[in-house]
$ cat coords_5.tsv   # TSV, C-alpha atoms and all ligand atoms
chain	number	residue	atom	x	y	z
A	1267	MET	CA	0.00	0.00	0.00
A	1268	LYS	CA	1.19	3.48	-0.83
A	1269	GLN	CA	2.31	5.45	2.20
A	1270	ASN	CA	-0.46	7.95	3.04
A	1271	TYR	CA	1.43	10.18	5.47
A	1272	ILE	CA	4.55	12.27	5.63
A	1273	ILE	CA	6.73	13.23	8.57
A	1274	THR	CA	8.22	16.71	8.48
A	1275	GLU	CA	11.08	18.06	10.58
A	1276	LEU	CA	11.53	21.79	10.47
A	1277	ASN	CA	13.16	24.28	12.85
A	1278	GLY	CA	13.36	21.69	15.60
A	1279	ASN	CA	9.68	20.71	15.31
A	1280	ARG	CA	8.40	17.40	14.07
A	1281	TRP	CA	4.93	16.45	12.87
A	1282	LEU	CA	3.03	13.99	10.74
A	1283	SER	CA	0.50	14.98	8.10
A	1284	ILE	CA	-1.77	13.36	5.56
A	1285	PRO	CA	-1.19	14.75	2.04
A	1286	ILE	CA	-4.85	14.21	1.05
A	1287	LEU	CA	-5.88	16.54	3.89
A	1288	ASP	CA	-3.21	19.04	2.83
A	1289	LYS	CA	-4.98	19.29	-0.52
A	1290	ILE	CA	-8.07	20.78	1.16
A	1291	ASP	CA	-7.25	24.42	0.61
A	1292	PHE	CA	-9.22	26.05	3.47
A	1293	ILE	CA	-7.68	24.05	6.32
A	1294	ARG	CA	-4.38	23.24	7.95
A	1295	HIS	CA	-3.77	20.14	10.02
A	1296	SER	CA	-1.03	18.40	11.89
A	1297	PHE	CA	-0.48	15.32	14.02
A	1298	ILE	CA	2.20	16.50	16.39
A	1299	ILE	CA	4.35	13.53	17.36
A	1300	LYS	CA	7.26	13.10	19.77
A	1301	GLN	CA	9.67	16.00	19.39
A	1302	LYS	CA	13.27	15.05	18.86
A	1303	ASN	CA	15.09	16.76	21.66
A	1304	SER	CA	12.41	17.33	24.15
A	1305	ALA	CA	11.46	15.84	27.45
A	1306	VAL	CA	7.89	14.76	28.04
A	1307	GLU	CA	5.30	17.05	26.48
A	1308	ALA	CA	2.62	18.44	28.75
A	1309	ASN	CA	-0.50	20.14	27.47
A	1310	GLY	CA	0.92	23.69	27.67
A	1311	ALA	CA	4.12	22.77	25.83
A	1312	LEU	CA	2.10	20.96	23.16
A	1313	LYS	CA	0.02	24.08	22.55
A	1314	GLU	CA	3.23	26.04	22.06
A	1315	THR	CA	4.52	23.43	19.62
A	1316	ALA	CA	1.21	23.47	17.73
A	1317	ALA	CA	1.27	27.26	17.59
A	1318	ARG	CA	4.83	27.23	16.20
A	1319	ILE	CA	3.99	24.63	13.55
A	1320	LEU	CA	0.79	26.37	12.46
A	1321	ASN	CA	2.31	29.85	12.79
A	1322	LEU	CA	-0.24	30.99	15.36
A	1323	GLU	CA	-0.22	32.50	18.84
A	1324	LYS	CA	-0.61	30.02	21.67
A	1325	TRP	CA	-4.07	31.41	22.59
A	1326	GLN	CA	-5.31	30.43	19.13
A	1327	VAL	CA	-4.84	26.73	19.92
A	1328	GLU	CA	-7.90	25.30	21.70
A	1329	THR	CA	-7.93	22.05	23.63
A	1330	ILE	CA	-10.66	20.41	25.70
A	1331	ASN	CA	-10.75	18.88	29.14
A	1332	GLN	CA	-10.71	15.26	27.92
A	1333	THR	CA	-12.36	12.65	30.15
A	1334	HIS	CA	-13.06	9.65	27.85
A	1335	SER	CA	-16.64	10.90	27.53
A	1336	ASP	CA	-18.95	11.07	24.54
A	1337	ALA	CA	-19.55	14.82	24.93
A	1338	VAL	CA	-18.99	17.07	21.90
A	1339	PHE	CA	-18.26	20.79	22.24
A	1340	VAL	CA	-19.35	23.25	19.55
A	1341	HIS	CA	-17.32	26.46	19.43
A	1342	ASN	CA	-19.01	29.73	18.70
A	1343	GLU	CA	-17.84	33.32	18.92
A	1344	GLU	CA	-18.26	33.79	22.69
A	1345	CYS	CA	-17.53	30.37	23.99
A	1346	ARG	CA	-14.18	28.61	24.48
A	1347	ALA	CA	-13.98	24.97	25.49
A	1348	SER	CA	-10.75	25.48	27.40
A	1349	GLU	CA	-12.59	27.82	29.79
A	1350	SER	CA	-15.11	25.14	30.65
A	1351	ASP	CA	-14.62	22.73	33.57
A	1352	GLU	CA	-16.80	20.15	31.90
A	1353	GLY	CA	-15.35	17.18	30.10
A	1354	PHE	CA	-15.49	16.94	26.34
A	1355	ASP	CA	-13.73	14.55	23.99
A	1356	ALA	CA	-14.54	16.14	20.67
A	1357	HIS	CA	-14.90	19.68	19.43
A	1358	ILE	CA	-16.22	21.29	16.29
A	1359	THR	CA	-15.73	24.73	14.83
A	1360	ASN	CA	-16.57	26.85	11.81
A	1361	ASN	CA	-14.38	29.73	13.08
A	1362	SER	CA	-11.28	30.58	11.13
A	1363	GLY	CA	-8.00	31.29	12.87
A	1364	ILE	CA	-8.64	28.96	15.81
A	1365	ALA	CA	-6.92	25.57	15.81
A	1366	ILE	CA	-8.74	22.79	17.65
A	1367	GLY	CA	-6.74	19.92	19.06
A	1368	VAL	CA	-7.04	16.64	20.93
A	1369	VAL	CA	-4.28	15.12	22.99
A	1370	THR	CA	-3.45	11.39	22.88
A	1371	ALA	CA	-0.88	8.73	23.75
A	1372	ASP	CA	-2.29	5.46	22.30
A	1373	CYS	CA	-5.94	6.55	21.93
A	1374	VAL	CA	-7.22	7.25	18.42
A	1375	PRO	CA	-7.12	10.89	17.23
A	1376	VAL	CA	-9.55	11.69	14.42
A	1377	LEU	CA	-9.85	14.87	12.36
A	1378	LEU	CA	-13.03	15.48	10.35
A	1379	ILE	CA	-13.43	18.06	7.61
A	1380	ASP	CA	-16.67	18.96	5.87
A	1381	ARG	CA	-15.45	20.29	2.52
A	1382	LYS	CA	-18.79	21.81	1.49
A	1383	LYS	CA	-19.86	23.66	4.65
A	1384	ARG	CA	-16.29	24.32	5.81
A	1385	ILE	CA	-16.54	22.79	9.26
A	1386	VAL	CA	-13.77	20.96	11.12
A	1387	ALA	CA	-13.72	18.64	14.14
A	1388	ALA	CA	-11.10	16.98	16.33
A	1389	VAL	CA	-12.03	13.80	18.23
A	1390	HIS	CA	-10.32	11.78	20.97
A	1391	SER	CA	-11.48	8.16	20.82
A	1392	GLY	CA	-9.92	5.66	23.21
A	1393	TRP	CA	-11.68	2.38	23.92
A	1394	ARG	CA	-14.23	4.08	26.11
A	1395	GLY	CA	-14.97	6.79	23.55
A	1396	THR	CA	-15.05	4.17	20.81
A	1397	ALA	CA	-17.56	2.07	22.79
A	1398	LYS	CA	-19.64	5.21	23.39
A	1399	ARG	CA	-19.51	5.99	19.64
A	1400	ILE	CA	-18.06	9.47	20.14
A	1401	LEU	CA	-17.05	9.66	16.49
A	1402	GLN	CA	-20.58	9.01	15.25
A	1403	LYS	CA	-21.90	11.52	17.78
A	1404	THR	CA	-19.48	14.13	16.43
A	1405	VAL	CA	-20.64	13.55	12.84
A	1406	LYS	CA	-24.25	13.87	14.01
A	1407	LYS	CA	-23.47	17.10	15.88
A	1408	MET	CA	-21.83	18.51	12.74
A	1409	SER	CA	-25.02	17.68	10.85
A	1410	ASP	CA	-27.37	19.06	13.52
A	1411	SER	CA	-25.39	22.25	14.19
A	1412	PHE	CA	-24.10	23.11	10.73
A	1413	GLY	CA	-26.06	21.01	8.24
A	1414	SER	CA	-23.00	18.92	7.34
A	1415	LYS	CA	-23.55	15.82	5.26
A	1416	PRO	CA	-21.41	12.73	5.97
A	1417	GLU	CA	-20.79	12.20	2.25
A	1418	ASP	CA	-19.00	15.58	2.11
A	1419	MET	CA	-16.66	14.71	4.96
A	1420	ILE	CA	-13.04	13.64	4.86
A	1421	ALA	CA	-11.54	11.88	7.87
A	1422	GLY	CA	-7.95	11.55	9.01
A	1423	ILE	CA	-7.37	8.84	11.61
A	1424	GLY	CA	-3.99	9.36	13.23
A	1425	PRO	CA	-1.46	6.98	14.79
A	1426	SER	CA	-2.72	5.03	17.79
A	1427	ILE	CA	-1.90	1.76	19.50
A	1428	GLY	CA	-2.24	-0.97	16.88
A	1429	GLN	CA	-3.90	-4.35	17.04
A	1430	CYS	CA	-0.39	-5.80	17.30
A	1431	CYS	CA	0.02	-4.31	20.79
A	1432	TYR	CA	-3.44	-3.48	22.12
A	1433	GLU	CA	-4.26	-6.40	24.37
A	1434	VAL	CA	-7.46	-6.11	26.38
A	1435	ASP	CA	-9.47	-8.27	28.75
A	1436	GLU	CA	-13.19	-8.86	29.38
A	1437	LYS	CA	-13.67	-5.43	30.89
A	1438	VAL	CA	-13.04	-3.91	27.45
A	1439	ILE	CA	-14.21	-6.66	25.11
A	1440	GLU	CA	-17.64	-7.19	26.67
A	1441	PRO	CA	-19.00	-3.64	26.26
A	1442	MET	CA	-17.47	-3.53	22.77
A	1443	LYS	CA	-19.18	-6.80	21.81
A	1444	ARG	CA	-22.50	-5.52	23.05
A	1445	GLU	CA	-22.11	-2.32	21.04
A	1446	PHE	CA	-20.68	-3.59	17.75
A	1447	ASP	CA	-22.04	-6.67	16.04
A	1448	TYR	CA	-18.99	-6.54	13.74
A	1449	LEU	CA	-16.47	-6.63	16.58
A	1450	ASN	CA	-15.20	-10.11	15.71
A	1451	ARG	CA	-13.86	-8.71	12.42
A	1452	PHE	CA	-11.57	-6.42	14.41
A	1453	SER	CA	-10.62	-8.56	17.40
A	1454	ILE	CA	-8.49	-11.67	17.79
A	1455	GLN	CA	-8.46	-13.82	20.88
A	1456	LYS	CA	-4.85	-14.57	21.78
A	1457	LYS	CA	-5.33	-16.53	25.00
A	1458	GLU	CA	-7.84	-16.99	27.75
A	1459	ASN	CA	-9.40	-13.63	28.60
A	1460	LYS	CA	-7.00	-11.75	26.28
A	1461	TRP	CA	-7.99	-10.19	22.99
A	1462	HIS	CA	-6.23	-7.84	20.60
A	1463	ILE	CA	-8.54	-5.22	19.12
A	1464	ASP	CA	-8.15	-2.75	16.27
A	1465	LEU	CA	-9.47	0.57	17.53
A	1466	GLN	CA	-8.70	2.44	14.29
A	1467	MET	CA	-10.77	-0.01	12.24
A	1468	ILE	CA	-13.70	0.06	14.67
A	1469	ASN	CA	-13.69	3.85	14.39
A	1470	ARG	CA	-13.48	3.60	10.61
A	1471	GLU	CA	-16.49	1.29	10.65
A	1472	GLN	CA	-18.43	3.83	12.71
A	1473	LEU	CA	-17.74	6.48	10.09
A	1474	ILE	CA	-18.90	4.19	7.28
A	1475	GLU	CA	-22.09	3.34	9.22
A	1476	THR	CA	-22.74	7.06	9.55
A	1477	GLY	CA	-22.45	7.62	5.82
A	1478	LEU	CA	-18.85	8.62	5.10
A	1479	LYS	CA	-17.44	7.18	1.91
A	1480	PRO	CA	-14.73	4.59	2.64
A	1481	THR	CA	-12.48	6.32	0.11
A	1482	ASN	CA	-12.69	9.51	2.19
A	1483	ILE	CA	-11.35	7.84	5.33
A	1484	ASN	CA	-7.57	7.99	5.66
A	1485	ILE	CA	-5.91	5.86	8.31
A	1486	VAL	CA	-2.29	6.28	9.31
A	1487	SER	CA	-1.54	2.67	10.22
A	1488	LEU	CA	1.36	3.29	12.56
A	1489	CYS	CA	1.33	1.78	16.03
A	1490	THR	CA	2.31	4.19	18.81
A	1491	PHE	CA	3.65	1.30	20.92
A	1492	CYS	CA	5.85	-0.11	18.14
A	1493	TYR	CA	7.73	3.14	17.30
A	1494	PRO	CA	9.20	4.64	20.49
A	1495	ASP	CA	11.34	7.07	18.50
A	1496	LEU	CA	8.25	8.65	16.90
A	1497	PHE	CA	5.43	8.34	19.41
A	1498	TYR	CA	4.52	8.38	23.07
A	1499	SER	CA	2.64	5.33	24.30
A	1500	TYR	CA	0.75	5.12	27.57
A	1501	ARG	CA	0.82	1.33	27.45
A	1502	ARG	CA	4.56	1.22	26.85
A	1503	ASP	CA	5.77	4.10	29.01
A	1504	GLY	CA	3.11	4.43	31.72
A	1505	ALA	CA	1.07	7.35	33.03
A	1506	GLY	CA	4.05	9.71	33.09
A	1507	THR	CA	4.52	9.54	29.33
A	1508	GLY	CA	4.24	12.58	27.08
A	1509	ARG	CA	1.31	13.37	24.86
A	1510	MET	CA	0.80	14.06	21.16
A	1511	MET	CA	-1.71	16.42	19.60
A	1512	ALA	CA	-3.88	16.14	16.52
A	1513	VAL	CA	-4.89	19.60	15.42
A	1514	VAL	CA	-6.96	21.13	12.62
A	1515	MET	CA	-7.93	24.69	11.74
A	1516	ILE	CA	-9.81	26.73	9.19
A	1517	LYS	CA	-7.35	29.22	7.70
B	1	ZN	ZN	2.31	-2.38	17.82
$ encode --input "coords_5.tsv" --output "structure tokens" --more "lines below"
Ligand SMILES: [Zn+2]
Amino acid sequence: MKQNYIITELNGNRWLSIPILDKIDFIRHSFIIKQKNSAVEANGALKETAARILNLEKWQVETINQTHSDAVFVHNEECRASESDEGFDAHITNNSGIAIGVVTADCVPVLLIDRKKRIVAAVHSGWRGTAKRILQKTVKKMSDSFGSKPEDMIAGIGPSIGQCCYEVDEKVIEPMKREFDYLNRFSIQKKENKWHIDLQMINREQLIETGLKPTNINIVSLCTFCYPDLFYSYRRDGAGTGRMMAVVMIK
């Protein structure tokens, strides 16, 4: 398969991008990965890195208080998600000049772009968010709030822990099984009470169910656990690991 991503290193910053998304002329996007010479990235430092890469001021980069929920925040002129104490795991905007980001270290980051209505969204989908269908809820919110149609949307699914390394037990597999009748296509039982699941593909399936065209869904099939030089991984490095940020903006 042809490689569908590029990694850029410039002025000490390093990020991954999807060329198909770069062709959409009214947006900019970036999956900020592990920086070469830096210690662990915290949220504030990541915002600075995002601002440098996108040539913005730090205040123009918006994050959300992520809690593995299925809550979706819609930005408008007065309201900033970062000023809210509530938990959200996806946000949507039609404002230009504000970059919206989600922070991950193994969980699945997803960027959505409605090419017709010019709306963008950033989604954090770990196993809990996946089981709660946060991605589908974000697509629905884009439709309800802005009249977006799934067939006009392009998705970029960023690096996350791969099926190779994402071993889960009953606690994860049972709610997933109940939710997705296609789960067996994306899970392999390795031993008693141990399964390996493919979170990226389950999220892809959710997008297809919602009406996105499969050809408009771009998955970067890199496992965060397998490439310690490129990515942080919660599973590999523990709770103290750094974070990465998937970010999208309307120019
Ligand atoms: Zn792996």
$ atom_distance --input "coords_5.tsv" --atom1 "CA of Ser1426 in chain A" --atom2 "CA of Val1374 in chain A"
5.1 Å
$ atom_distance --input "coords_5.tsv" --atom1 "CA of Arg1384 in chain A" --atom2 "CA of Arg1509 in chain A"
28.2 Å
$ residues_around --input "coords_5.tsv" --residues "range 1361-1364 of chain A" --least-positions-apart "4" --cutoff "6 Å" --atoms "only C-alpha atoms" --output "CSV table (one decimal) with C-alpha atoms, in the coordinates of the input"
chain,number,residue,atom,x,y,z
A,1326,GLN,CA,-5.3,30.4,19.1
A,1515,MET,CA,-7.9,24.7,11.7
A,1516,ILE,CA,-9.8,26.7,9.2
A,1517,LYS,CA,-7.4,29.2,7.7
$ residues_around --input "coords_5.tsv" --residues "Ala1512 in chain A" --least-positions-apart "5" --cutoff "7 Å" --atoms "all atoms listed in the file" --output "PDB file with C-alpha atoms, in the frame of the given file"
ATOM      1  CA  SER A1296      -1.030  18.400  11.890  1.00  0.00           C
ATOM      2  CA  PHE A1297      -0.480  15.320  14.020  1.00  0.00           C
ATOM      3  CA  ILE A1298       2.200  16.500  16.390  1.00  0.00           C
ATOM      4  CA  GLY A1367      -6.740  19.920  19.060  1.00  0.00           C
ATOM      5  CA  VAL A1368      -7.040  16.640  20.930  1.00  0.00           C
ATOM      6  CA  VAL A1369      -4.280  15.120  22.990  1.00  0.00           C
ATOM      7  CA  PRO A1375      -7.120  10.890  17.230  1.00  0.00           C
TER       8      PRO A1375
END
$ closest_residue --input "coords_5.tsv" --among "A:Leu1401, A:Ile1427, A:Ile1284, A:Ile1468" --to "Arg1502 in chain A" --atoms "all atoms listed in the file"
A:Ile1427
$ atom_distance --input "coords_5.tsv" --atom1 "CA of Asp1291 in chain A" --atom2 "CA of Asp1380 in chain A"
12.1 Å
$ closest_residue --input "coords_5.tsv" --among "A:Val1405, A:Val1386, A:Val1327, A:Ala1397" --to "Glu1445 in chain A" --atoms "only C-alpha atoms"
A:Ala1397
$ residues_around --input "coords_5.tsv" --residues "Ala1388 in chain A" --least-positions-apart "6" --cutoff "9 Å" --atoms "only C-alpha atoms" --output "VMD selection string"
chain A and resid 1355 to 1358 1366 to 1368 1375 to 1378 1404 1512 to 1514
$ residues_near_ligand --input "coords_5.tsv" --ligand "ligand ZN 1 (chain B)" --cutoff "7 Å" --atoms "all atoms listed in the file" --output "ChimeraX atom specification"
/A:1427-1431,1489-1492
$ closest_residue --input "coords_5.tsv" --among "A:Gly1477, A:Trp1461, A:Trp1393, A:Lys1382" --to "Lys1406 in chain A" --atoms "all atoms listed in the file"
A:Gly1477
$ residues_around --input "coords_5.tsv" --residues "His1462 in chain A" --least-positions-apart "4" --cutoff "12 Å" --atoms "all atoms listed in the file" --output "VMD selection string"
chain A and resid 1427 to 1436 1438 to 1439 1449 to 1458
$ write_last_selection --input "coords_5.tsv" --atoms "C-alpha atoms" --output "PDB file, in the frame of the given file"
ATOM      1  CA  ILE A1427      -1.900   1.760  19.500  1.00  0.00           C
ATOM      2  CA  GLY A1428      -2.240  -0.970  16.880  1.00  0.00           C
ATOM      3  CA  GLN A1429      -3.900  -4.350  17.040  1.00  0.00           C
ATOM      4  CA  CYS A1430      -0.390  -5.800  17.300  1.00  0.00           C
ATOM      5  CA  CYS A1431       0.020  -4.310  20.790  1.00  0.00           C
ATOM      6  CA  TYR A1432      -3.440  -3.480  22.120  1.00  0.00           C
ATOM      7  CA  GLU A1433      -4.260  -6.400  24.370  1.00  0.00           C
ATOM      8  CA  VAL A1434      -7.460  -6.110  26.380  1.00  0.00           C
ATOM      9  CA  ASP A1435      -9.470  -8.270  28.750  1.00  0.00           C
ATOM     10  CA  GLU A1436     -13.190  -8.860  29.380  1.00  0.00           C
ATOM     11  CA  VAL A1438     -13.040  -3.910  27.450  1.00  0.00           C
ATOM     12  CA  ILE A1439     -14.210  -6.660  25.110  1.00  0.00           C
ATOM     13  CA  LEU A1449     -16.470  -6.630  16.580  1.00  0.00           C
ATOM     14  CA  ASN A1450     -15.200 -10.110  15.710  1.00  0.00           C
ATOM     15  CA  ARG A1451     -13.860  -8.710  12.420  1.00  0.00           C
ATOM     16  CA  PHE A1452     -11.570  -6.420  14.410  1.00  0.00           C
ATOM     17  CA  SER A1453     -10.620  -8.560  17.400  1.00  0.00           C
ATOM     18  CA  ILE A1454      -8.490 -11.670  17.790  1.00  0.00           C
ATOM     19  CA  GLN A1455      -8.460 -13.820  20.880  1.00  0.00           C
ATOM     20  CA  LYS A1456      -4.850 -14.570  21.780  1.00  0.00           C
ATOM     21  CA  LYS A1457      -5.330 -16.530  25.000  1.00  0.00           C
ATOM     22  CA  GLU A1458      -7.840 -16.990  27.750  1.00  0.00           C
TER      23      GLU A1458
END
$ closest_residue --input "coords_5.tsv" --among "A:Pro1494, A:Gly1353, A:Pro1480, A:Gly1504" --to "His1334 in chain A" --atoms "all atoms listed in the file"
A:Gly1353
$ closest_residue --input "coords_5.tsv" --among "A:Gly1508, A:Asn1277, A:Val1340, A:Asp1288" --to "Leu1312 in chain A" --atoms "only C-alpha atoms"
A:Gly1508
$ residues_around --input "coords_5.tsv" --residues "Tyr1271 in chain A" --least-positions-apart "5" --cutoff "7 Å" --atoms "all atoms listed in the file" --output "compact mmCIF listing (two decimals) with C-alpha atoms, keeping the file's coordinate frame"
# COMPACT_ATOMS: atom_id res chain seq x y z
CA LEU A 1282 3.03 13.99 10.74
CA SER A 1283 0.50 14.98 8.10
CA ILE A 1284 -1.77 13.36 5.56
CA PRO A 1285 -1.19 14.75 2.04
CA VAL A 1486 -2.29 6.28 9.31
$ decode --input "coords_5.tsv" --residues "range 1360-1381 of chain A" --atoms "N, CA and C atoms" --output "PDB file, in the first residue's frame"
ATOM      1  N   ASN A1360     -16.541  26.248  13.145  1.00  0.00           N
ATOM      2  CA  ASN A1360     -16.567  26.849  11.809  1.00  0.00           C
ATOM      3  C   ASN A1360     -15.813  28.185  11.823  1.00  0.00           C
ATOM      4  N   ASN A1361     -15.142  28.478  12.960  1.00  0.00           N
ATOM      5  CA  ASN A1361     -14.383  29.728  13.076  1.00  0.00           C
ATOM      6  C   ASN A1361     -13.032  29.596  12.386  1.00  0.00           C
ATOM      7  N   SER A1362     -12.629  30.623  11.699  1.00  0.00           N
ATOM      8  CA  SER A1362     -11.282  30.585  11.134  1.00  0.00           C
ATOM      9  C   SER A1362     -10.297  31.171  12.135  1.00  0.00           C
ATOM     10  N   GLY A1363      -9.059  30.735  12.025  1.00  0.00           N
ATOM     11  CA  GLY A1363      -8.004  31.289  12.866  1.00  0.00           C
ATOM     12  C   GLY A1363      -7.890  30.663  14.238  1.00  0.00           C
ATOM     13  N   ILE A1364      -8.745  29.689  14.543  1.00  0.00           N
ATOM     14  CA  ILE A1364      -8.636  28.958  15.808  1.00  0.00           C
ATOM     15  C   ILE A1364      -8.346  27.498  15.471  1.00  0.00           C
ATOM     16  N   ALA A1365      -7.263  26.977  16.036  1.00  0.00           N
ATOM     17  CA  ALA A1365      -6.922  25.566  15.807  1.00  0.00           C
ATOM     18  C   ALA A1365      -7.514  24.748  16.946  1.00  0.00           C
ATOM     19  N   ILE A1366      -8.183  23.645  16.607  1.00  0.00           N
ATOM     20  CA  ILE A1366      -8.744  22.790  17.654  1.00  0.00           C
ATOM     21  C   ILE A1366      -7.950  21.487  17.702  1.00  0.00           C
ATOM     22  N   GLY A1367      -7.605  21.088  18.918  1.00  0.00           N
ATOM     23  CA  GLY A1367      -6.743  19.918  19.059  1.00  0.00           C
ATOM     24  C   GLY A1367      -7.263  18.916  20.076  1.00  0.00           C
ATOM     25  N   VAL A1368      -6.840  17.663  19.892  1.00  0.00           N
ATOM     26  CA  VAL A1368      -7.042  16.642  20.927  1.00  0.00           C
ATOM     27  C   VAL A1368      -5.692  16.002  21.231  1.00  0.00           C
ATOM     28  N   VAL A1369      -5.557  15.602  22.483  1.00  0.00           N
ATOM     29  CA  VAL A1369      -4.279  15.115  22.987  1.00  0.00           C
ATOM     30  C   VAL A1369      -4.392  13.603  23.215  1.00  0.00           C
ATOM     31  N   THR A1370      -3.393  12.849  22.748  1.00  0.00           N
ATOM     32  CA  THR A1370      -3.452  11.390  22.879  1.00  0.00           C
ATOM     33  C   THR A1370      -2.067  10.792  23.170  1.00  0.00           C
ATOM     34  N   ALA A1371      -2.093   9.559  23.676  1.00  0.00           N
ATOM     35  CA  ALA A1371      -0.878   8.734  23.755  1.00  0.00           C
ATOM     36  C   ALA A1371      -1.334   7.282  23.727  1.00  0.00           C
ATOM     37  N   ASP A1372      -1.746   6.798  22.602  1.00  0.00           N
ATOM     38  CA  ASP A1372      -2.287   5.457  22.300  1.00  0.00           C
ATOM     39  C   ASP A1372      -3.725   5.513  21.792  1.00  0.00           C
ATOM     40  N   CYS A1373      -4.551   6.417  22.384  1.00  0.00           N
ATOM     41  CA  CYS A1373      -5.938   6.553  21.934  1.00  0.00           C
ATOM     42  C   CYS A1373      -5.959   7.026  20.476  1.00  0.00           C
ATOM     43  N   VAL A1374      -7.121   6.913  19.838  1.00  0.00           N
ATOM     44  CA  VAL A1374      -7.224   7.250  18.418  1.00  0.00           C
ATOM     45  C   VAL A1374      -7.599   8.730  18.247  1.00  0.00           C
ATOM     46  N   PRO A1375      -6.742   9.508  17.563  1.00  0.00           N
ATOM     47  CA  PRO A1375      -7.122  10.887  17.231  1.00  0.00           C
ATOM     48  C   PRO A1375      -7.754  10.916  15.839  1.00  0.00           C
ATOM     49  N   VAL A1376      -8.878  11.614  15.723  1.00  0.00           N
ATOM     50  CA  VAL A1376      -9.552  11.693  14.420  1.00  0.00           C
ATOM     51  C   VAL A1376      -9.845  13.155  14.087  1.00  0.00           C
ATOM     52  N   LEU A1377      -9.503  13.542  12.869  1.00  0.00           N
ATOM     53  CA  LEU A1377      -9.855  14.872  12.362  1.00  0.00           C
ATOM     54  C   LEU A1377     -10.914  14.684  11.288  1.00  0.00           C
ATOM     55  N   LEU A1378     -11.960  15.531  11.349  1.00  0.00           N
ATOM     56  CA  LEU A1378     -13.035  15.479  10.355  1.00  0.00           C
ATOM     57  C   LEU A1378     -13.130  16.836   9.672  1.00  0.00           C
ATOM     58  N   ILE A1379     -13.302  16.807   8.372  1.00  0.00           N
ATOM     59  CA  ILE A1379     -13.429  18.057   7.612  1.00  0.00           C
ATOM     60  C   ILE A1379     -14.620  17.931   6.682  1.00  0.00           C
ATOM     61  N   ASP A1380     -15.563  18.884   6.812  1.00  0.00           N
ATOM     62  CA  ASP A1380     -16.669  18.964   5.866  1.00  0.00           C
ATOM     63  C   ASP A1380     -16.250  19.961   4.784  1.00  0.00           C
ATOM     64  N   ARG A1381     -15.976  19.447   3.595  1.00  0.00           N
ATOM     65  CA  ARG A1381     -15.447  20.294   2.519  1.00  0.00           C
ATOM     66  C   ARG A1381     -16.470  21.294   2.000  1.00  0.00           C
TER      67      ARG A1381
END
